[in-house]
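Heads up, the thing below is written out as structure tokens.
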Amino acid sequence: MEPLKSKDICVIGLGQIGLPTAMVFANSGFNVLGVDLDKHIVNQLNEGKAHIKETGLQPIVTKVVKSGRFKASLKPGKADIYLIAVPTHIKSDNTPDISAVEAAIRLITPYIKNGNLIIVESTVPPGTVGGTVKNILEQSGLKGGSDFYLAHCPERVLPGNILKEIIENDRIIGGINNLSTQRAYELYSTFVKGTIYTQEVTVVETTKLAENIYRDVNIALANELGNVCKTLGINVWEVIKLANKHPRVNLHLPGPGVGGHCIGVVPWFLASTSLELTPLIQLSRNINNNQPRIVANFAHSIVKHIPKPKITILGASYKANVPDARESPTTEIFEILRQANLEVSVTDPIAINFPYELIDFKNSLNKSDLIVIITDHKEFKEMDPNFVSQLMRTKQILDTRNCLNHSEWREFGFSISILGT
Ligand code: SAJ
């Protein structure tokens with residue numbers, strides 16, 4: 001049998017997941033054709049430039065473009081393996097929008113041939129791969145499970161640490177039949193160092209949703225605890241630290257809200273299968289969605305006695321040390337404060353795709369009356385209190401991530417408010 005590594009892989013979607021995945025395959029010896037709708041991304045990649053900032057990504061892009069192992073294109077081509085890594089969303093009524101997956105499958109259907117393996121990495125509602133995806137592929141005249149193989153292997157990587165986690169994390173794989181599972185297992189075995197678990201495809205689809213839901217529900221619990229602790233006049237961060245000393249407790253952390261493309265979206269993929277049976281999942285979504293308003297109101301209450309106050313928000317990215325500002329709680333907090341006619345600016349050293357103007361650190365802090373820390377970027381944790389104190393008009397901080405050394409900042413005359421206290 002021909003060694004797997006000499007095979008041609010076509011990766012559809014060169015975003016946050018697709019590009020690093022394509023790079024890992026090309027770097028382990030496969031010939032990879034990466035496909036994206038965005039001409040600019042395709043051109044940039046063919047010039048050897050990564051359009052995504054991710055630790056260790058650029059050197060691999062440079063290497064595999066130079067060696068010819070990777071090419072980007074607007075159209076798919078003939079390949080042995082097709083891998084789908086396009087985004088899935090929710091519609092305005094919170095039902096799943098898998099149109100990008102359907103479009104990607106339609107795009108490859110004219111190219112598939114006997115013996116092909118098709119992998120869906122995109123997160124999808126239960127029943128999608130064995131249902132909609134298989135049905136579209138079978139419009140080729142080929143039969144799923146015998147003429148072509150089809151499996152789901154959901155991505156599980158953490159933005160900021162993607163390349164490491166693609167290789168080291170355990171993976172879950174579910175094929176539409178045993179042969180499909182086996183083919184997918186062989187493929188991922190070529191580079192995954194973690195354990196690969198196999199199961200029936202709907203179990204795997206639902207497992208991925210459960211992973212994200214686990215996090216969302218636990219973050220909601222932490223946020224709820226924080227909101228109660230504030231009214232009790234105690235510090236939720238101390239409560240969580242102490243509770244987590246219990247061997248079977250792993251409380252998550254409160255914060256300004258849940259951003260990113262997964263945790264705030266994916267729970268609806270399961271909830272929408274039965275609204276009646278999923279009150280906890282829906283309530284958690286609502287608790288986390290309400291957090292930006294709680295933070296905005298908290299900030300407003302701190303400056304309400306100051307005439308014409310100026311507020312500085314630190315952080316536009318949805319979480320620490322990643323540049324991605326889409327779906328960040330900062331957007332809503334900024335909008336609420338602006339609607340209250342407050343002067344507010346946002347500064348972030350790395351964020352991209354924030355819908356409003358970002359102001360440089362110094363100008364943003366100049367004559368400010370309140371810092372609101374939304375994202376605990378390393379640059380903010382390492383700020384010099386002396387430098388900051390000289391810029392500000394009133395030395396006040398609202399720390400929603402409990403990320404500063406508060407006693408040090410108090411020594412410089414800062415008044416500190418902490419979310420959940
Ligand atoms: N957050 C909190 N409190 C916490 C943890 C996170 O408020 O204790 C907030 C973060 O600030 C952020 C949001 O939640 O705004 C989500 O951050 P995250 O680090 O939990 O998740 P993502 O979206 O960056 O990545 C998650 C990961 N999933 C799980 O941990 C179960 C990742 O492994 C998945 O690959 C990814 O979702 C995905 O694509 O599903």
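All residue names refer to the structure tokens as shown: chains lettered A, B, ... in order, residues numbered from 1 in each chain, ligands numbered from 1 in order.
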
Contacts to ligand 1 at 8 Å cut-off (only C-alpha atoms and all ligand atoms) as an NGL selection string: :A and (123 or 155-159 or 208-209 or 211-216 or 218-219 or 222-223 or 251-264 or 266 or 318-320 or 328-329 or 375)

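Taking only C-alpha atoms, the non-local environment of segment 95-112 of chain A within 8 Å (same-chain residues fewer than 4 positions away omitted) comprises Ile12, Pro76, Gly77, Lys78, Ala79, Tyr82, Ile84, Val86, Pro87, Thr88, His89, Ile90, Lys91, Asn116, Ser122, Val124, Pro125, Thr132, Val133, Ile136, Leu137, Gln139, Ser140, Phe148, Trp268, Phe269 and Ser272 of chain A.
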
Considering only strand (DSSP E or B) as DSSP defines it on the backbone, what residues of segment 196-330 of chain A qualify? List them as a PyMOL selection string. chain A and resi 196-198+310-314+324

With C-alpha atoms retained, could you export that selection as a tab-separated table (two decimals), in the first residue's frame?
chain	number	residue	atom	x	y	z
A	196	ILE	CA	-6.93	8.93	19.43
A	197	TYR	CA	-10.32	7.70	20.62
A	198	THR	CA	-12.89	6.41	18.17
A	310	LYS	CA	-12.87	59.59	30.83
A	311	ILE	CA	-12.71	55.79	30.84
A	312	THR	CA	-9.91	53.69	29.34
A	313	ILE	CA	-10.60	50.08	28.43
A	314	LEU	CA	-7.54	47.86	28.37
A	324	ASP	CA	-8.62	38.00	17.85

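The closest residue to Ile60 of chain A, picked from A:Pro3, A:Pro20, A:Gly29, A:Gly145 and counting only C-alpha atoms, is A:Pro20.
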
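Minimum distance to Phe361 of chain A across A:Gln282, A:Ser6, A:Thr347, A:Asn244 (counting only C-alpha atoms) occurs at A:Thr347.
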
Which distance in Å separates atom CA of Val239 of chain A and atom CA of Lys378 of chain A, to one decimal? 24.6 Å

Quick one: everything within 7 Å of segment 34-37 of chain A, counting only C-alpha atoms, minus sequence neighbours fewer than 5 positions away in the same chain. Send it as an mmCIF file with all heavy atoms, in the first residue's frame.
data_model
loop_
_atom_site.group_PDB
_atom_site.id
_atom_site.type_symbol
_atom_site.label_atom_id
_atom_site.label_comp_id
_atom_site.auth_asym_id
_atom_site.auth_seq_id
_atom_site.Cartn_x
_atom_site.Cartn_y
_atom_site.Cartn_z
ATOM 1 N N CYS A 10 -6.485 18.015 0.397
ATOM 2 C CA CYS A 10 -7.060 19.314 0.072
ATOM 3 C C CYS A 10 -7.791 19.817 1.317
ATOM 4 O O CYS A 10 -8.706 19.156 1.809
ATOM 5 C CB CYS A 10 -8.009 19.141 -1.109
ATOM 6 S SG CYS A 10 -8.768 20.651 -1.631
ATOM 7 N N VAL A 11 -7.327 20.946 1.856
ATOM 8 C CA VAL A 11 -7.931 21.505 3.072
ATOM 9 C C VAL A 11 -8.815 22.686 2.675
ATOM 10 O O VAL A 11 -8.339 23.650 2.071
ATOM 11 C CB VAL A 11 -6.836 21.977 4.062
ATOM 12 C CG1 VAL A 11 -7.458 22.651 5.282
ATOM 13 C CG2 VAL A 11 -5.973 20.793 4.507
ATOM 14 N N ILE A 12 -10.094 22.604 3.003
ATOM 15 C CA ILE A 12 -11.018 23.689 2.647
ATOM 16 C C ILE A 12 -11.204 24.593 3.871
ATOM 17 O O ILE A 12 -11.698 24.137 4.910
ATOM 18 C CB ILE A 12 -12.401 23.153 2.208
ATOM 19 C CG1 ILE A 12 -12.262 22.010 1.198
ATOM 20 C CG2 ILE A 12 -13.273 24.289 1.670
ATOM 21 C CD1 ILE A 12 -11.807 22.391 -0.169
ATOM 22 N N GLY A 13 -10.826 25.850 3.729
ATOM 23 C CA GLY A 13 -10.904 26.814 4.835
ATOM 24 C C GLY A 13 -9.527 27.003 5.432
ATOM 25 O O GLY A 13 -8.983 26.072 6.046
ATOM 26 N N LEU A 14 -8.941 28.182 5.229
ATOM 27 C CA LEU A 14 -7.573 28.427 5.728
ATOM 28 C C LEU A 14 -7.591 29.457 6.850
ATOM 29 O O LEU A 14 -6.806 30.398 6.867
ATOM 30 C CB LEU A 14 -6.673 28.879 4.573
ATOM 31 C CG LEU A 14 -6.494 27.826 3.471
ATOM 32 C CD1 LEU A 14 -5.736 28.399 2.284
ATOM 33 C CD2 LEU A 14 -5.787 26.578 4.001
ATOM 34 N N ALA A 22 -3.397 22.537 7.950
ATOM 35 C CA ALA A 22 -2.752 22.336 6.645
ATOM 36 C C ALA A 22 -1.232 22.344 6.793
ATOM 37 O O ALA A 22 -0.520 21.550 6.168
ATOM 38 C CB ALA A 22 -3.199 23.433 5.679
ATOM 39 N N VAL A 42 -5.262 33.815 -0.081
ATOM 40 C CA VAL A 42 -4.628 32.850 -1.004
ATOM 41 C C VAL A 42 -3.320 33.435 -1.551
ATOM 42 O O VAL A 42 -2.270 32.777 -1.536
ATOM 43 C CB VAL A 42 -5.617 32.477 -2.138
ATOM 44 C CG1 VAL A 42 -4.920 31.752 -3.273
ATOM 45 C CG2 VAL A 42 -6.762 31.626 -1.577
ATOM 46 N N LYS A 71 0.331 24.615 -1.385
ATOM 47 C CA LYS A 71 -0.093 25.675 -2.305
ATOM 48 C C LYS A 71 -1.485 26.094 -1.895
ATOM 49 O O LYS A 71 -2.287 25.273 -1.440
ATOM 50 C CB LYS A 71 -0.153 25.139 -3.739
ATOM 51 C CG LYS A 71 1.178 25.069 -4.423
ATOM 52 C CD LYS A 71 0.990 24.897 -5.938
ATOM 53 C CE LYS A 71 2.330 24.748 -6.632
ATOM 54 N NZ LYS A 71 3.074 23.538 -6.188
ATOM 55 N N ALA A 72 -1.778 27.385 -2.065
ATOM 56 C CA ALA A 72 -3.127 27.860 -1.761
ATOM 57 C C ALA A 72 -3.848 28.166 -3.071
ATOM 58 O O ALA A 72 -3.223 28.497 -4.076
ATOM 59 C CB ALA A 72 -3.057 29.103 -0.895
ATOM 60 N N SER A 73 -5.177 28.019 -3.037
ATOM 61 C CA SER A 73 -5.948 28.219 -4.260
ATOM 62 C C SER A 73 -7.374 28.646 -3.914
ATOM 63 O O SER A 73 -7.855 28.417 -2.804
ATOM 64 C CB SER A 73 -5.969 26.887 -5.037
ATOM 65 O OG SER A 73 -6.934 26.939 -6.047
ATOM 66 N N LEU A 74 -8.048 29.237 -4.879
ATOM 67 C CA LEU A 74 -9.459 29.597 -4.666
ATOM 68 C C LEU A 74 -10.370 28.401 -4.957
ATOM 69 O O LEU A 74 -11.539 28.397 -4.591
ATOM 70 C CB LEU A 74 -9.846 30.762 -5.577
ATOM 71 C CG LEU A 74 -9.215 32.116 -5.216
ATOM 72 C CD1 LEU A 74 -9.374 33.103 -6.361
ATOM 73 C CD2 LEU A 74 -9.836 32.671 -3.946
ATOM 74 N N LYS A 75 -9.805 27.406 -5.663
ATOM 75 C CA LYS A 75 -10.611 26.244 -6.057
ATOM 76 C C LYS A 75 -9.984 24.944 -5.583
ATOM 77 O O LYS A 75 -8.755 24.825 -5.579
ATOM 78 C CB LYS A 75 -10.641 26.176 -7.592
ATOM 79 C CG LYS A 75 -11.639 27.060 -8.238
ATOM 80 C CD LYS A 75 -11.786 26.585 -9.674
ATOM 81 C CE LYS A 75 -12.265 27.692 -10.573
ATOM 82 N NZ LYS A 75 -11.674 27.585 -11.891
ATOM 83 N N PRO A 76 -10.808 23.947 -5.258
ATOM 84 C CA PRO A 76 -10.213 22.643 -4.897
ATOM 85 C C PRO A 76 -9.666 21.935 -6.141
ATOM 86 O O PRO A 76 -9.845 22.419 -7.258
ATOM 87 C CB PRO A 76 -11.388 21.856 -4.310
ATOM 88 C CG PRO A 76 -12.618 22.574 -4.698
ATOM 89 C CD PRO A 76 -12.267 23.931 -5.198
#

Just want the 12 Å neighbourhood of Val129 of chain A, counted on only C-alpha atoms, with same-chain residues fewer than 6 positions away dropped. Output as an MDAnalysis selection string. chainID A and resid 84 98 101:102 105 118:123 135:137 144 149:154 173:177 180 200:206

Could you write out that same residue set with C-alpha atoms as a short mmCIF file (atom, residue, chain, number, x, y, z; two decimals), in the first residue's frame?
data_model
loop_
_atom_site.label_atom_id
_atom_site.label_comp_id
_atom_site.auth_asym_id
_atom_site.auth_seq_id
_atom_site.Cartn_x
_atom_site.Cartn_y
_atom_site.Cartn_z
CA ILE A 84 -13.21 20.68 5.93
CA ILE A 98 -23.92 25.33 8.89
CA VAL A 101 -19.94 23.49 5.73
CA GLU A 102 -22.64 22.71 3.17
CA ILE A 105 -18.98 20.00 0.72
CA ILE A 118 -13.43 13.20 3.67
CA ILE A 119 -12.93 14.65 7.15
CA VAL A 120 -15.08 17.32 8.78
CA GLU A 121 -13.19 19.20 11.52
CA SER A 122 -15.74 22.03 11.78
CA THR A 123 -18.00 21.88 14.85
CA ASN A 135 -26.20 13.23 1.37
CA ILE A 136 -24.50 16.08 -0.51
CA LEU A 137 -21.39 13.96 -1.19
CA GLY A 144 -20.54 6.86 1.51
CA TYR A 149 -15.01 7.30 3.51
CA LEU A 150 -16.37 10.04 5.74
CA ALA A 151 -15.50 10.96 9.32
CA HIS A 152 -15.76 13.73 11.88
CA CYS A 153 -12.65 14.73 13.82
CA PRO A 154 -13.54 17.94 15.64
CA ILE A 173 -12.84 10.46 15.66
CA GLY A 174 -16.17 9.15 14.45
CA GLY A 175 -16.69 7.73 10.98
CA ILE A 176 -20.02 7.01 9.29
CA ASN A 177 -18.96 3.33 9.40
CA SER A 180 -14.33 5.38 7.58
CA GLU A 200 -19.84 6.43 16.48
CA VAL A 201 -20.08 9.72 14.52
CA THR A 202 -23.04 11.29 16.37
CA VAL A 203 -21.37 10.53 19.70
CA VAL A 204 -18.27 12.40 18.50
CA GLU A 205 -20.31 15.37 17.22
CA THR A 206 -22.10 15.60 20.57
#

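The coordinates place atom CA of Ala220 of chain A at 5.5 Å from atom CA of Asn288 of chain A.
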
List as a ChimeraX atom specification the protein and nucleic acid residues near segment 47-54 of chain A, meaning an atom at most 7 Å away when only C-alpha atoms are counted, but skip any in the same chain fewer than 5 places from it. /A:16,41,61-62,65,160

Could you give me, as a PyMOL selection string, the residues within 12 Å of segment 382-384 of chain A, counting only C-alpha atoms and dropping anything in the same chain fewer than 4 positions from it? chain A and resi 314+361-362+365+373+376-378+388-391+403-405+408-409+412

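If you measure from each of A:Arg69, A:Lys164, A:Arg293, A:His246 to Leu57 of chain A using only C-alpha atoms, the closest one turns out to be A:Lys164.
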
Any idea what the distance is between atom CA of Val265 of chain A and atom CA of Gln199 of chain A? 24.1 Å

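Distances here use only C-alpha atoms; by that measure, the residue among A:Gln396, A:Thr195, A:Thr273, A:Gln291 closest to Ile306 of chain A is A:Gln396.
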
Would you please give, as a PyMOL selection string, all residues of segment 125-324 of chain A that DSSP assigns to helix (DSSP H, G or I) based on the backbone? chain A and resi 129-140+162-168+178-189+201-232+236-243+267-271+279-303
